[in-house]
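Enquirer: Got a structure for you, questions after.
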Amino acid sequence: MNPQVWLAALAGELSRHGIGPDLAGHVVAEAAAHLRDSGEAPLSAFGPPAAYAAAVADSVGGPDLRPPRRVPGAVRLNVRGVTKRYRRRPVLTGVDLTVRAGEIAAVVGANGCGKSTFLRICAGLASPDRGKVYVNGTVGYCPQDSGTCGFLTPEEHFVLIGAGRGMPRTAALRTGRANAAALDWSPVSATQARHLSGGTRQKLNLIMARMGEPDVLLLDEPYQGFDRGTYLDFWHEVWRWRDAGKAIVVVTHLLNQLDRVDIVLDLTSTKERVA
Amino acid sequence: MRVNQERRAQWLRGVLDLCVLAILARGESYGYELAQSLEAAGLGPIQGGTLYPVLLRLQRSGLVTAHWREGVAGPARKYYRLSAAGSETLRLTANDWNAFAGGVGAVLREVAAQ
């Protein structure tokens with residue numbers, strides 16, 4: 001059986017065995033990588049697709065019973081008619097955006113169209129000339145750069161920001177380290193933030209934004225300087241936060257993830273579209 | 001010969017997860033590379049159909065973590081890494097195994113000595 005046919009049959013069998021599309025995608029991609037690396041015939045390496053799918057289902061403890069599509073919850077962020085000018089030049093004109101618990105909104109648009117300004121207004125760091133922002137819950141904000149203190153170590157950041165969220169020192173350290181591990185990073189305790197690479201500083205920013213599990217996450221291109229693997233991990237983390245009921249706004253200029261978000265706000269034309 | 005192979009497969013079923021953890025203790029690795037390391041260690045060829053379900057089980061139980069990463073030249077691969085819990089489990093179970101294998105070895109040596 002040729003590998004493509006075998007892999008397609010495997011995808012069908014995984015679904016038949018109740019494996020959700022996310023895990024099934026991983027299993028098929030990993031089998032494809034193995035077949036490519038080893039040059040082995042699929043039937044001798046993995047056996048018949050149905051038998052391998054049964055072994056996979058067995059090893060993950062039965063079918064994935066999560067509902068395929070979550071029902072969005074309460075409105076967490078409601079932006080109405082936000083307008084902002086810089087020196088008479090309109091940057092944002094009457095922008096509306098509604099994000100509910102369990103939704104991801106992507107803010108896209110050309111450079112200089114006001115994406116970061118929009119996020120700063122949502123975070124309450126800048127005020128609009130006109131319009132209103134309603135937030136229902138706590139907010140975490142991850143800026144595009146800066147936000148870290150050069151002479152503090154990552155763990156001092158965790159403790160400092162954790163204290164602002166009312167977290168005890170040990171809890172802040174534990175949360176910070178766990179969230180760092182999810183981004184494939186283990187902070188070295190003696191390294192000050194100014195000696196970290198740009199990508200690692202962004203991981204630190206992202207972890208700080210998530211301290212105390214805020215209801216609304218505002219992320220301004222937080223993956224700059226991430227390598228491809230960490231970038232994929234980042235999106236998997238974002239989907240996990242969404243499934244945990246967070247309302248997430250991500251500023252991005254990369255369009256290849258837009259099929260995985262719920263709302264797209266294109267500031268180039270200042271139009272809100274539902275994905 | 002056939003009986004021997006079946007017996008080998010049975011032995012392997014009992015210790016493959018432990019061997020995978022031990023190989024990962026050397027550093028992170030992906031499925032095919034793990035299969036090669038296991039074969040080089042003398043455990044014989046391990047089929048993908050046997051290895052990947054074991055990796056999934058280890059991942060689900062939190063003993064290893066997994067990340068997709070682009071290869072230097074090739075396409076993305078799923079890399080596995082030993083977690084703190086995995087390293088603790090490995091340490092404890094390796095002790096148990098050594099005691100068990102030592103007992104088996106001692107009994108079988110009596111036969112070899114006759």
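Order determines the names: the first chain of the structure tokens is A, the second B, and so forth; residues in each chain are numbered 1 upward, and ligands are numbered 1 upward as they are shown.
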For chain B against chain A, which residues fall within 10 Å using only C-alpha atoms, given as a compact mmCIF listing (two decimals) with N, CA and C atoms, in the first residue's frame?
Expert:
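Generated output (iface27.txt):
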```txt
# COMPACT_ATOMS: atom_id res chain seq x y z
N TYR B 30 13.15 12.20 18.60
CA TYR B 30 11.87 11.97 17.93
C TYR B 30 11.73 10.48 17.63
N GLY B 31 10.53 10.08 17.19
CA GLY B 31 10.19 8.67 17.09
C GLY B 31 11.20 7.80 16.34
N TYR B 32 11.53 8.19 15.11
CA TYR B 32 12.39 7.33 14.31
C TYR B 32 13.79 7.23 14.93
N GLU B 33 14.27 8.35 15.46
CA GLU B 33 15.59 8.35 16.08
C GLU B 33 15.58 7.45 17.33
N ALA B 35 13.67 4.84 17.73
CA ALA B 35 13.65 3.45 17.25
C ALA B 35 15.07 3.01 16.92
N GLN B 36 15.84 3.90 16.29
CA GLN B 36 17.23 3.57 15.94
C GLN B 36 18.08 3.38 17.20
N ILE B 46 12.26 -2.06 16.51
CA ILE B 46 10.97 -1.75 17.13
C ILE B 46 10.10 -1.12 16.05
N GLN B 47 8.95 -1.70 15.78
CA GLN B 47 8.06 -1.15 14.75
C GLN B 47 7.43 0.15 15.24
N GLY B 48 7.17 1.06 14.27
CA GLY B 48 6.47 2.30 14.60
C GLY B 48 5.13 2.02 15.27
N GLY B 49 4.45 0.98 14.80
CA GLY B 49 3.14 0.64 15.35
C GLY B 49 3.20 0.24 16.82
N THR B 50 4.38 -0.15 17.28
CA THR B 50 4.58 -0.47 18.70
C THR B 50 5.05 0.74 19.47
N LEU B 51 5.98 1.49 18.85
CA LEU B 51 6.65 2.58 19.56
C LEU B 51 5.73 3.79 19.82
N TYR B 52 5.00 4.24 18.78
CA TYR B 52 4.26 5.50 18.93
C TYR B 52 3.12 5.42 19.96
N PRO B 53 2.38 4.30 20.02
CA PRO B 53 1.37 4.22 21.09
C PRO B 53 2.00 4.31 22.48
N VAL B 54 3.22 3.76 22.64
CA VAL B 54 3.91 3.86 23.93
C VAL B 54 4.23 5.33 24.22
N LEU B 55 4.72 6.04 23.20
CA LEU B 55 5.04 7.47 23.37
C LEU B 55 3.79 8.27 23.74
N LEU B 56 2.66 7.95 23.08
CA LEU B 56 1.41 8.65 23.37
C LEU B 56 1.00 8.42 24.83
N ARG B 57 1.16 7.16 25.27
CA ARG B 57 0.78 6.84 26.64
C ARG B 57 1.67 7.60 27.63
N LEU B 58 2.96 7.65 27.33
CA LEU B 58 3.89 8.38 28.21
C LEU B 58 3.55 9.86 28.23
N GLN B 59 3.17 10.39 27.07
CA GLN B 59 2.81 11.81 26.99
C GLN B 59 1.54 12.08 27.79
N ARG B 60 0.55 11.20 27.62
CA ARG B 60 -0.72 11.37 28.33
C ARG B 60 -0.54 11.31 29.83
N SER B 61 0.40 10.47 30.28
CA SER B 61 0.58 10.34 31.73
C SER B 61 1.58 11.36 32.26
N THR B 65 7.17 15.21 27.66
CA THR B 65 6.48 16.31 26.99
C THR B 65 6.86 16.24 25.52
N ALA B 66 6.03 16.82 24.66
CA ALA B 66 6.27 16.74 23.22
C ALA B 66 6.13 18.11 22.58
N HIS B 67 6.99 18.38 21.62
CA HIS B 67 6.93 19.63 20.86
C HIS B 67 7.19 19.35 19.39
N TRP B 68 6.41 20.00 18.54
CA TRP B 68 6.69 19.90 17.11
C TRP B 68 7.78 20.91 16.78
N ARG B 69 8.76 20.45 16.03
CA ARG B 69 9.84 21.36 15.67
C ARG B 69 10.30 21.05 14.26
N GLU B 70 10.60 22.11 13.53
CA GLU B 70 11.11 22.00 12.17
C GLU B 70 12.53 21.41 12.23
N GLY B 71 12.83 20.44 11.37
CA GLY B 71 14.18 19.89 11.32
C GLY B 71 15.13 20.88 10.65
N GLY B 74 14.81 19.00 6.97
CA GLY B 74 13.58 18.28 6.66
C GLY B 74 12.33 18.94 7.21
N PRO B 75 11.23 18.21 7.17
CA PRO B 75 9.95 18.72 7.66
C PRO B 75 9.86 18.63 9.18
N ALA B 76 8.73 19.07 9.75
CA ALA B 76 8.56 19.11 11.21
C ALA B 76 8.54 17.70 11.78
N ARG B 77 9.13 17.56 12.97
CA ARG B 77 9.09 16.29 13.68
C ARG B 77 8.59 16.55 15.09
N LYS B 78 8.01 15.52 15.70
CA LYS B 78 7.54 15.63 17.07
C LYS B 78 8.65 15.16 17.99
N TYR B 79 9.19 16.08 18.77
CA TYR B 79 10.29 15.78 19.68
C TYR B 79 9.74 15.49 21.07
N SER B 83 10.06 14.52 31.31
CA SER B 83 9.61 15.53 32.28
C SER B 83 10.21 15.20 33.64
```
Enquirer: Enumerate, in order of chain and increasing residue number, the residues of segment 54-80 of chain B with an atom no farther than 9 Å from segment 86-96 of chain B, each with its shortest atom pair and distance in Å to one decimal, counting only C-alpha atoms, as CSV.
Expert:
```
residue,atom,partner,partner_atom,distance
B:Leu58,CA,B:Gly86,CA,8.4
B:Gly62,CA,B:Gly86,CA,7.2
B:Leu63,CA,B:Gly86,CA,3.8
B:Val64,CA,B:Gly86,CA,6.1
```
Enquirer: Give me, as CSV, the closest atom pair and its distance (Å, one decimal) for every residue of segment 26-83 of chain A within a cut-off of 12 Å of segment 117-122 of chain A, counting only C-alpha atoms, rows sorted by chain and rising number.
Expert:
```
residue,atom,partner,partner_atom,distance
A:Arg76,CA,A:Cys122,CA,11.4
A:Leu77,CA,A:Cys122,CA,8.2
A:Asn78,CA,A:Cys122,CA,9.0
A:Val79,CA,A:Cys122,CA,7.6
A:Arg80,CA,A:Cys122,CA,10.7
A:Gly81,CA,A:Phe118,CA,11.6
A:Val82,CA,A:Phe118,CA,8.4
A:Thr83,CA,A:Phe118,CA,9.3
```
Enquirer: Mind the document's chain letters and residue numbers, and return as a PyMOL selection string the residues of segment 19-237 of chain A that DSSP labels strand (DSSP E or B).
Expert: chain A and resi 75-86+89-100+103-108+130-135+139-142+216-220
Enquirer: Which residues, written as an MDAnalysis selection string, have at least one atom at most 6 Å from segment 103-112 of chain A, with only C-alpha atoms counted and residues fewer than 4 positions away on the same chain left out?
Expert: chainID A and resid 242 247:253 261:268
Enquirer: Write out, as a PDB file, in the first residue's frame, the residues just selected, with C-alpha atoms.
Expert:
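In the end it all went to again-v4.pdb:
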```pdb
ATOM      1  CA  ARG A 242      -9.594  29.708  24.543  1.00  0.00           C
ATOM      2  CA  ALA A 247     -11.359  35.912  25.681  1.00  0.00           C
ATOM      3  CA  ILE A 248      -8.230  36.545  23.575  1.00  0.00           C
ATOM      4  CA  VAL A 249      -7.269  39.359  21.226  1.00  0.00           C
ATOM      5  CA  VAL A 250      -4.106  38.730  19.168  1.00  0.00           C
ATOM      6  CA  VAL A 251      -2.532  41.384  16.989  1.00  0.00           C
ATOM      7  CA  THR A 252      -0.880  39.655  14.067  1.00  0.00           C
ATOM      8  CA  HIS A 253       0.382  40.334  10.572  1.00  0.00           C
ATOM      9  CA  VAL A 261      -9.586  32.106  15.164  1.00  0.00           C
ATOM     10  CA  ASP A 262     -13.210  33.087  15.706  1.00  0.00           C
ATOM     11  CA  ILE A 263     -13.210  36.764  14.753  1.00  0.00           C
ATOM     12  CA  VAL A 264     -11.038  38.753  12.362  1.00  0.00           C
ATOM     13  CA  LEU A 265     -10.832  42.510  12.797  1.00  0.00           C
ATOM     14  CA  ASP A 266      -9.145  44.028   9.761  1.00  0.00           C
ATOM     15  CA  LEU A 267      -8.118  47.567  10.660  1.00  0.00           C
ATOM     16  CA  THR A 268      -6.996  48.345   7.131  1.00  0.00           C
TER      17      THR A 268
END
```
Enquirer: Excluding Gly27 of chain B and residues on its chain fewer than 3 positions from it, collect all residues at most 9 Å away from it, counting only C-alpha atoms, and give them as a list in words.
Expert: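 In the requested form, the answer reads Ile23, Leu24, Tyr80, Arg81 and Leu82 of chain B.
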Enquirer: Based on DSSP run over this structure's backbone, return all residues of chain B in alpha helix (DSSP H), as a PyMOL selection string.
Expert: chain B and resi 2-24+31-38+48-60+84-113
Enquirer: Tell me, in Å to one decimal, how far atom CA of Thr98 of chain A is from atom CA of Asn179 of chain A.
Expert: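 About the pair atom CA of Thr98 of chain A and atom CA of Asn179 of chain A: they are 27.5 Å apart.
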Enquirer: Measuring atom to atom with only C-alpha atoms, identify which of A:Gln224, A:Thr175, A:Gln144, A:Asn136 is nearest to Ala74 of chain A.
Expert: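 Counting only C-alpha atoms, the residue closest to Ala74 of chain A is A:Asn136.
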Enquirer: Mind giving me the straight-line distance from atom CA of Gly150 of chain A to atom CA of Ser127 of chain A in Å, one decimal?
Expert: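 A separation of 27.7 Å between them.
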Enquirer: Just want the 10 Å neighbourhood of Ala172 of chain A, counted on only C-alpha atoms, with same-chain residues fewer than 6 positions away dropped. Output as a list in words.
Expert: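 Those residues are Glu155, Glu156, His157, Phe158, Val159, Leu160, Ile161, Gly162, Ala163, Arg165, Gly166, Ala178, Met208, Met211 and Gly212 of chain A.
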Enquirer: Please produce a file of the residues just selected, as a compact mmCIF listing (two decimals), in the first residue's frame, where the atoms kept are C-alpha atoms.
Expert:
```
# COMPACT_ATOMS: atom_id res chain seq x y z
CA GLU A 155 11.81 34.63 38.30
CA GLU A 156 11.85 38.07 39.93
CA HIS A 157 9.44 39.15 37.18
CA PHE A 158 7.13 36.23 38.02
CA VAL A 159 7.13 37.17 41.71
CA LEU A 160 6.67 40.90 41.04
CA ILE A 161 3.76 40.53 38.61
CA GLY A 162 2.32 37.68 40.67
CA ALA A 163 2.29 39.97 43.74
CA ARG A 165 -2.26 39.73 41.09
CA GLY A 166 -2.29 38.76 44.78
CA ALA A 178 5.13 25.88 34.31
CA MET A 208 3.61 37.83 32.84
CA MET A 211 -0.18 35.62 35.64
CA GLY A 212 -3.31 35.29 37.74
```
Enquirer: Please identify all polymer residues within 7 Å of Tyr141 of chain A, counting only C-alpha atoms, omitting same-chain residues fewer than 2 positions from it, and present them as a ChimeraX atom specification.
Expert: /A:123,139,143,209,217-219
Enquirer: May I have the residues from that selection written out with C-alpha atoms, as a CSV table (one decimal), in the first residue's frame?
Expert:
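part.csv, freshly written:
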```csv
chain,number,residue,atom,x,y,z
A,123,ALA,CA,-5.8,47.7,27.8
A,139,VAL,CA,-7.2,41.9,31.8
A,143,PRO,CA,3.2,44.4,24.7
A,209,ALA,CA,0.4,38.7,30.9
A,217,LEU,CA,-5.8,38.4,27.2
A,218,LEU,CA,-4.5,41.2,24.9
A,219,LEU,CA,-1.5,39.9,22.9
```
Enquirer: Using only C-alpha atoms, can you tell me which of A:Asp22, A:Gly176, A:Arg88, A:Leu97 comes closest to His236 of chain A?
Expert: A:Asp22
